[in-house]
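Source file: input_14.txt; contents: compact mmCIF, C-alpha atoms.
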# COMPACT_ATOMS: atom_id res chain seq x y z
CA PRO A 1 10.09 35.17 -48.06
CA PRO A 2 10.52 31.50 -47.15
CA PRO A 3 7.97 30.00 -44.75
CA PRO A 4 8.85 29.81 -41.06
CA SER A 5 10.61 26.69 -39.90
CA ALA A 6 8.41 23.82 -38.79
CA SER A 7 11.27 21.79 -37.39
CA HIS A 8 9.72 21.91 -33.92
CA VAL A 9 6.82 19.76 -35.12
CA THR A 10 7.30 16.01 -34.92
CA CYS A 11 5.21 13.74 -37.09
CA SER A 12 4.95 9.99 -36.82
CA GLY A 13 4.51 9.28 -40.52
CA MET A 14 6.67 11.99 -42.07
CA VAL A 15 9.84 12.16 -40.02
CA ALA A 16 12.62 14.29 -41.54
CA ALA A 17 10.68 15.57 -44.52
CA ALA A 18 13.79 15.23 -46.66
CA ALA A 19 12.91 11.79 -47.99
CA GLU A 20 11.45 13.17 -51.22
CA PRO A 21 12.67 11.73 -54.54
CA ALA A 22 16.02 13.05 -55.68
CA GLY A 23 16.28 15.63 -58.44
CA ASP A 24 14.13 18.52 -59.61
CA ALA A 25 11.06 18.81 -57.35
CA PHE A 26 8.98 20.47 -60.06
CA ALA A 27 9.93 17.82 -62.61
CA ASN A 28 8.84 15.13 -60.13
CA LEU A 29 5.59 17.01 -59.49
CA ILE A 30 4.49 17.05 -63.14
CA ALA A 31 6.05 13.76 -64.29
CA PRO A 32 5.77 12.25 -66.83
CA ALA A 33 5.50 15.64 -68.55
CA ASP A 34 8.59 17.45 -69.75
CA VAL A 35 9.30 20.68 -67.84
CA ASP A 36 10.19 22.76 -70.89
CA GLY A 37 7.20 21.39 -72.76
CA PHE A 38 4.92 22.19 -69.83
CA PHE A 39 5.93 25.85 -69.72
CA ARG A 40 5.80 26.12 -73.50
CA GLU A 41 2.46 24.40 -74.12
CA VAL A 42 0.44 24.15 -70.87
CA TRP A 43 1.36 26.87 -68.34
CA GLN A 44 -1.49 29.42 -68.15
CA ARG A 45 -3.00 27.91 -71.31
CA GLU A 46 -5.01 24.85 -70.28
CA PRO A 47 -5.69 22.50 -67.36
CA ARG A 48 -3.88 19.17 -67.35
CA VAL A 49 -3.79 15.97 -65.27
CA PHE A 50 -0.49 14.24 -64.51
CA SER A 51 -1.18 10.66 -63.51
CA LEU A 52 1.08 8.87 -61.06
CA ALA A 53 0.53 5.65 -63.02
CA ASP A 54 1.79 7.35 -66.19
CA ALA A 55 4.78 8.74 -64.28
CA ALA A 56 5.63 5.28 -62.94
CA GLY A 57 4.90 3.53 -66.23
CA THR A 58 2.54 1.01 -64.62
CA SER A 59 -1.05 0.56 -63.46
CA ALA A 60 -2.57 2.87 -60.86
CA ALA A 61 -2.73 0.06 -58.30
CA GLY A 62 0.94 -0.79 -58.66
CA ALA A 63 2.35 2.70 -59.21
CA GLU A 64 5.40 3.59 -57.15
CA TRP A 65 5.16 6.90 -55.28
CA ARG A 66 7.29 9.35 -57.27
CA ARG A 67 6.11 12.77 -56.15
CA PRO A 68 8.36 15.35 -54.41
CA ILE A 69 6.86 14.78 -50.96
CA PRO A 70 7.04 11.73 -48.66
CA ARG A 71 3.97 9.59 -49.13
CA PRO A 72 1.52 10.54 -46.36
CA ASN A 73 -1.16 8.56 -44.54
CA TRP A 74 -4.33 9.39 -42.64
CA THR A 75 -2.47 9.67 -39.33
CA ASP A 76 -0.39 12.44 -40.89
CA CYS A 77 -3.59 14.12 -42.02
CA CYS A 78 -5.06 14.08 -38.50
CA ASP A 79 -1.80 15.41 -37.06
CA MET A 80 -1.71 18.25 -39.57
CA LEU A 81 -5.29 19.25 -38.73
CA THR A 82 -4.53 19.09 -35.02
CA TYR A 83 -1.55 21.42 -35.37
CA ALA A 84 -3.57 23.87 -37.47
CA TRP A 85 -6.39 23.83 -34.90
CA GLY A 86 -3.94 24.79 -32.16
CA ALA A 87 -4.17 21.65 -30.05
CA ALA A 88 -0.39 21.14 -30.06
CA PRO A 89 1.73 22.80 -27.35
CA VAL A 90 3.12 25.22 -29.96
CA GLU A 91 1.32 28.35 -31.13
CA VAL A 92 -0.19 28.32 -34.60
CA PRO A 93 1.86 30.73 -36.78
CA ASP A 94 0.23 33.89 -38.08
CA GLY A 95 -1.21 33.25 -41.53
CA CYS A 96 -2.12 29.62 -40.93
CA GLU A 97 -5.87 29.21 -40.58
CA LEU A 98 -8.20 26.23 -40.12
CA LEU A 99 -11.58 26.73 -41.83
CA VAL A 100 -14.55 24.36 -41.71
CA PHE A 101 -17.19 24.14 -44.45
CA GLN A 102 -20.51 22.35 -44.17
CA GLY A 103 -23.13 22.34 -46.90
CA LYS A 104 -20.66 24.33 -49.04
CA GLN A 105 -20.76 27.16 -46.50
CA LEU A 106 -18.21 28.38 -43.98
CA THR A 107 -19.20 27.50 -40.41
CA HIS A 108 -17.81 28.29 -36.96
CA GLY A 109 -19.80 25.49 -35.37
CA TYR A 110 -16.67 23.42 -34.74
CA ASP A 111 -14.34 26.10 -33.41
CA VAL A 112 -14.49 24.50 -29.95
CA HIS A 113 -14.86 20.80 -30.81
CA GLY A 114 -12.25 20.77 -33.55
CA PRO A 115 -11.63 19.22 -36.96
CA CYS A 116 -12.21 15.56 -36.06
CA ALA A 117 -15.73 16.32 -34.86
CA ALA A 118 -16.31 18.34 -38.02
CA LEU A 119 -15.25 15.49 -40.30
CA LEU A 120 -17.38 12.96 -38.42
CA ASN A 121 -20.38 15.25 -38.94
CA GLY A 122 -19.84 15.57 -42.69
CA ALA A 123 -17.95 18.86 -42.77
CA SER A 124 -14.78 19.57 -44.74
CA CYS A 125 -11.63 21.04 -43.20
CA VAL A 126 -9.38 23.49 -45.03
CA VAL A 127 -5.99 24.64 -43.76
CA ASN A 128 -4.74 27.81 -45.40
CA HIS A 129 -0.95 28.09 -45.47
CA ALA A 130 -0.54 24.54 -44.25
CA GLU A 131 3.18 24.86 -45.00
CA TYR A 132 3.45 26.82 -41.74
CA VAL A 133 2.57 23.77 -39.63
CA TRP A 134 3.48 20.69 -41.68
CA PRO A 135 7.18 20.10 -42.43
CA ALA A 136 6.64 18.11 -45.63
CA PHE A 137 4.62 20.99 -47.10
CA THR A 138 7.24 23.48 -45.92
CA GLU A 139 10.00 21.62 -47.72
CA LEU A 140 7.94 21.05 -50.85
CA CYS A 141 7.08 24.75 -51.18
CA ARG A 142 10.71 25.68 -50.58
CA GLN A 143 11.92 23.35 -53.33
CA LEU A 144 9.26 24.41 -55.84
CA ARG A 145 10.28 28.05 -55.43
CA ASP A 146 13.40 27.27 -57.44
CA ARG A 147 11.16 27.33 -60.53
CA LEU A 148 7.91 28.97 -59.43
CA VAL A 149 9.34 31.86 -57.37
CA HIS A 150 6.61 31.80 -54.71
CA VAL A 151 4.47 28.81 -53.73
CA TYR A 152 2.23 28.22 -50.74
CA CYS A 153 0.04 25.29 -49.72
CA ASN A 154 -3.63 25.02 -48.77
CA SER A 155 -4.80 21.60 -47.58
CA TYR A 156 -8.31 20.13 -47.98
CA VAL A 157 -9.80 17.19 -46.10
CA THR A 158 -13.27 16.04 -47.16
CA PRO A 159 -15.38 13.11 -45.84
CA PRO A 160 -17.38 10.76 -48.08
CA GLY A 161 -20.30 12.24 -49.99
CA CYS A 162 -19.29 15.83 -49.30
CA GLN A 163 -18.13 18.95 -51.13
CA ALA A 164 -16.29 21.79 -49.42
CA VAL A 165 -17.17 24.73 -51.68
CA PRO A 166 -19.31 25.42 -54.77
CA PRO A 167 -17.83 25.79 -58.28
CA HIS A 168 -15.54 28.81 -58.55
CA ALA A 169 -12.41 30.21 -60.19
CA ASP A 170 -9.22 31.38 -58.47
CA ASP A 171 -6.88 34.32 -58.98
CA ARG A 172 -3.82 32.04 -58.98
CA ASP A 173 -2.42 29.04 -60.82
CA VAL A 174 -2.64 25.84 -58.77
CA PHE A 175 -1.25 22.33 -58.69
CA VAL A 176 -3.51 19.90 -56.83
CA ILE A 177 -1.75 16.79 -55.52
CA GLN A 178 -3.90 13.97 -54.19
CA LEU A 179 -2.42 12.62 -50.94
CA CYS A 180 -4.93 10.10 -49.52
CA GLY A 181 -8.27 8.77 -50.70
CA CYS A 182 -9.72 10.06 -53.93
CA LYS A 183 -11.75 12.99 -55.23
CA HIS A 184 -13.90 13.69 -58.29
CA TRP A 185 -12.98 16.87 -60.20
CA ARG A 186 -14.59 18.93 -62.94
CA VAL A 187 -12.72 21.73 -64.71
CA TRP A 188 -14.46 23.80 -67.37
CA GLY A 189 -12.46 24.74 -70.44
CA GLU A 190 -13.23 28.45 -70.94
CA ALA A 191 -12.17 30.95 -68.30
CA PRO A 192 -15.04 33.49 -68.00
CA VAL A 193 -12.54 36.12 -66.82
CA LYS A 194 -9.07 35.66 -68.23
CA PHE A 195 -6.28 36.09 -65.67
CA PRO A 196 -8.61 37.38 -62.92
CA TYR A 197 -7.56 39.53 -59.99
CA PRO A 198 -8.89 38.87 -56.45
CA ASP A 199 -12.07 40.91 -57.06
CA GLU A 200 -12.78 39.07 -60.34
CA GLN A 201 -13.02 35.47 -59.08
CA VAL A 202 -16.35 34.09 -60.31
CA GLY A 203 -18.19 31.89 -57.83
CA LYS A 204 -16.84 33.97 -54.94
CA SER A 205 -18.03 37.11 -53.15
CA GLY A 206 -21.33 37.13 -55.02
CA LEU A 207 -19.77 37.22 -58.51
CA PRO A 208 -21.80 34.68 -60.52
CA ILE A 209 -20.44 32.10 -62.93
CA PRO A 210 -21.95 32.62 -66.41
CA ALA A 211 -24.55 29.93 -67.11
CA GLN A 212 -22.92 28.99 -70.41
CA VAL A 213 -19.77 27.95 -68.57
CA LEU A 214 -21.49 25.46 -66.25
CA ASN A 215 -23.79 24.25 -69.03
CA ALA A 216 -20.83 23.31 -71.21
CA LYS A 217 -19.11 19.95 -71.05
CA PRO A 218 -16.11 20.11 -68.67
CA ALA A 219 -12.70 20.09 -70.29
CA ILE A 220 -11.59 17.68 -67.56
CA GLU A 221 -13.75 15.32 -65.51
CA CYS A 222 -11.71 12.79 -63.58
CA VAL A 223 -11.06 11.12 -60.25
CA LEU A 224 -7.71 11.95 -58.66
CA ARG A 225 -6.06 9.13 -56.73
CA PRO A 226 -2.99 9.28 -54.48
CA GLY A 227 -0.06 10.75 -56.38
CA ASP A 228 -2.13 12.22 -59.22
CA VAL A 229 -1.62 15.91 -59.92
CA LEU A 230 -4.04 18.38 -61.52
CA TYR A 231 -2.80 21.70 -62.87
CA MET A 232 -5.33 24.53 -63.30
CA PRO A 233 -4.44 27.93 -64.71
CA ARG A 234 -5.71 31.06 -63.06
CA GLY A 235 -9.36 31.79 -63.88
CA TYR A 236 -10.61 28.31 -64.80
CA VAL A 237 -13.89 27.32 -63.11
CA HIS A 238 -13.73 24.06 -61.18
CA GLU A 239 -15.38 21.99 -58.48
CA ALA A 240 -14.40 18.91 -56.48
CA PHE A 241 -16.36 16.46 -54.36
CA CYS A 242 -16.11 13.06 -52.72
CA THR A 243 -18.38 10.21 -53.65
CA GLU A 244 -20.00 8.12 -50.92
CA ALA A 245 -17.21 5.55 -51.30
CA ALA A 246 -14.14 7.51 -50.12
CA SER A 247 -12.71 10.40 -48.16
CA SER A 248 -10.06 12.71 -49.58
CA TRP A 249 -6.97 14.63 -48.49
CA HIS A 250 -5.31 16.81 -51.10
CA ALA A 251 -2.90 19.72 -51.11
CA THR A 252 -3.34 22.72 -53.38
CA LEU A 253 0.00 24.28 -54.25
CA ALA A 254 -0.80 27.86 -55.16
CA VAL A 255 1.26 30.18 -57.34
CA ALA A 256 0.02 33.75 -56.85
CA THR A 257 0.43 34.82 -60.48
CA HIS A 258 -1.94 37.79 -60.09
CA ASP A 259 0.87 39.48 -58.15
CA TRP A 260 3.32 39.12 -61.05
CA SER A 261 1.51 40.86 -63.91
CA TRP A 262 2.66 44.15 -65.41
CA SER A 263 -0.79 45.65 -64.84
CA LYS A 264 -0.54 44.80 -61.13
CA ILE A 265 2.89 46.39 -60.88
CA LEU A 266 1.92 49.50 -62.86
CA SER A 267 -1.38 50.02 -61.00
CA GLY A 268 0.50 49.74 -57.70
CA ALA A 269 3.09 52.26 -58.86
CA VAL A 270 0.39 54.69 -60.02
CA ALA A 271 -1.53 54.37 -56.75
CA GLU A 272 1.65 54.93 -54.74
CA THR A 273 2.53 58.02 -56.82
CA LEU A 274 -0.96 59.50 -56.50
CA ASP A 275 -1.04 58.89 -52.76
CA SER A 276 2.40 60.40 -52.12
As structure tokens, the full file:
Amino acid sequence: PPPPSASHVTCSGMVAAAAEPAGDAFANLIAPADVDGFFREVWQREPRVFSLADAAGTSAAGAEWRRPIPRPNWTDCCDMLTYAWGAAPVEVPDGCELLVFQGKQLTHGYDVHGPCAALLNGASCVVNHAEYVWPAFTELCRQLRDRLVHVYCNSYVTPPGCQAVPPHADDRDVFVIQLCGCKHWRVWGEAPVKFPYPDEQVGKSGLPIPAQVLNAKPAIECVLRPGDVLYMPRGYVHEAFCTEAASSWHATLAVATHDWSWSKILSGAVAETLDS
């Protein structure tokens, strides 16, 4: 189903989140790549970086913002975190959750003092289902569903010299779009579990990452800057961190492909039949 409306939220830097570039939102997300070529050669096959400078045909410093979301700023970031924390006069929707990580571990030490205190103390803030509280994310997810069927948004804010979580793999395909600041990424080129389900995500829930994966040279090692997009297929091990020179705000657009597989559908049908 589509996300709940966020029209009641007003935002100083992202008023009327309809100011995105015209045309196909997905095409704008992965520009300069060709959409048909992406699904034929890249989708669920290999990670790939889509540089804003390449999309704009100029240098990174002079690149025009051409992504399918209004260009945000740090005020927008603070507003988004505030809404997710519940400080606004509107209730946080079910499903939206603010998590704080310090030393790569989840902490509840800032539940009372909030995300700004967490960031000032070197903790990272993650908002799951940020599309429930931030209109620009709501609209972006809605538009991307024309091609990707179901998309949701998790948002990550990390201060200088910090890393939110250890290396891990996910059970979904993701598109990471850098919004403010910059972040250093490593993506390893061999998925230790191909097309993992939620209980097969290495680096999570005590499931270790094979040593040979982390000992290998990453397939991608890069710094994402505002407007850059990183695509990672389901199952690829990755990590991200900020250097001492910059903070980072990025959005992870998640496509829950583990829900779409024939094995998922058939196992659900068998379980339902056996339980009936």
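Here CA of Cys222 (chain A) stands at a distance of 20.4 Å from CA of Ala254 (chain A).
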Practice task
Mind checking which residues fall within 8 Å of Leu179 (chain A), counting all atoms listed in the file, ignoring those fewer than 5 positions away in the same chain, and posting them as a ChimeraX atom specification?
Solution key: /A:71-73,225-227,248-251
Which region 133-219 of chain A residues have any atom within 8 Å of an atom of region 103-106 of chain A, and for each, what is the nearest pair of atoms with distance in Å to one decimal, counting all atoms listed in the file, rows sorted by chain and number, as a Markdown table?
| residue | atom | partner | partner_atom | distance |
| --- | --- | --- | --- | --- |
| A:Cys162 | CA | A:Gly103 | CA | 7.9 |
| A:Gln163 | CA | A:Lys104 | CA | 6.3 |
| A:Ala164 | CA | A:Lys104 | CA | 5.1 |
| A:Val165 | CA | A:Lys104 | CA | 4.4 |
| A:Pro166 | CA | A:Lys104 | CA | 6.0 |
Fill in the blank from the handout: Among A:Leu99, A:Ala245, A:Ala130, A:Leu148, Val174 (chain A) is approached most closely, using only C-alpha atoms, by A:Leu148
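Counting all atoms listed in the file, Gly206 (chain A) has the following residues at most 12 Å away, ignoring those fewer than 4 positions along the same chain: Pro166, His168, Asp199, Glu200, Gln201 and Val202 of chain A.
Shell of Val149 (chain A) at 12 Å, with only C-alpha atoms counted and residues fewer than 3 places along the chain excluded, is Pro1, Pro2, Phe26, Cys141, Arg142, Gln143, Leu144, Arg145, Asp146, Tyr152, Ala254, Val255, Ala256, Thr257, Asp259 and Trp260 of chain A.
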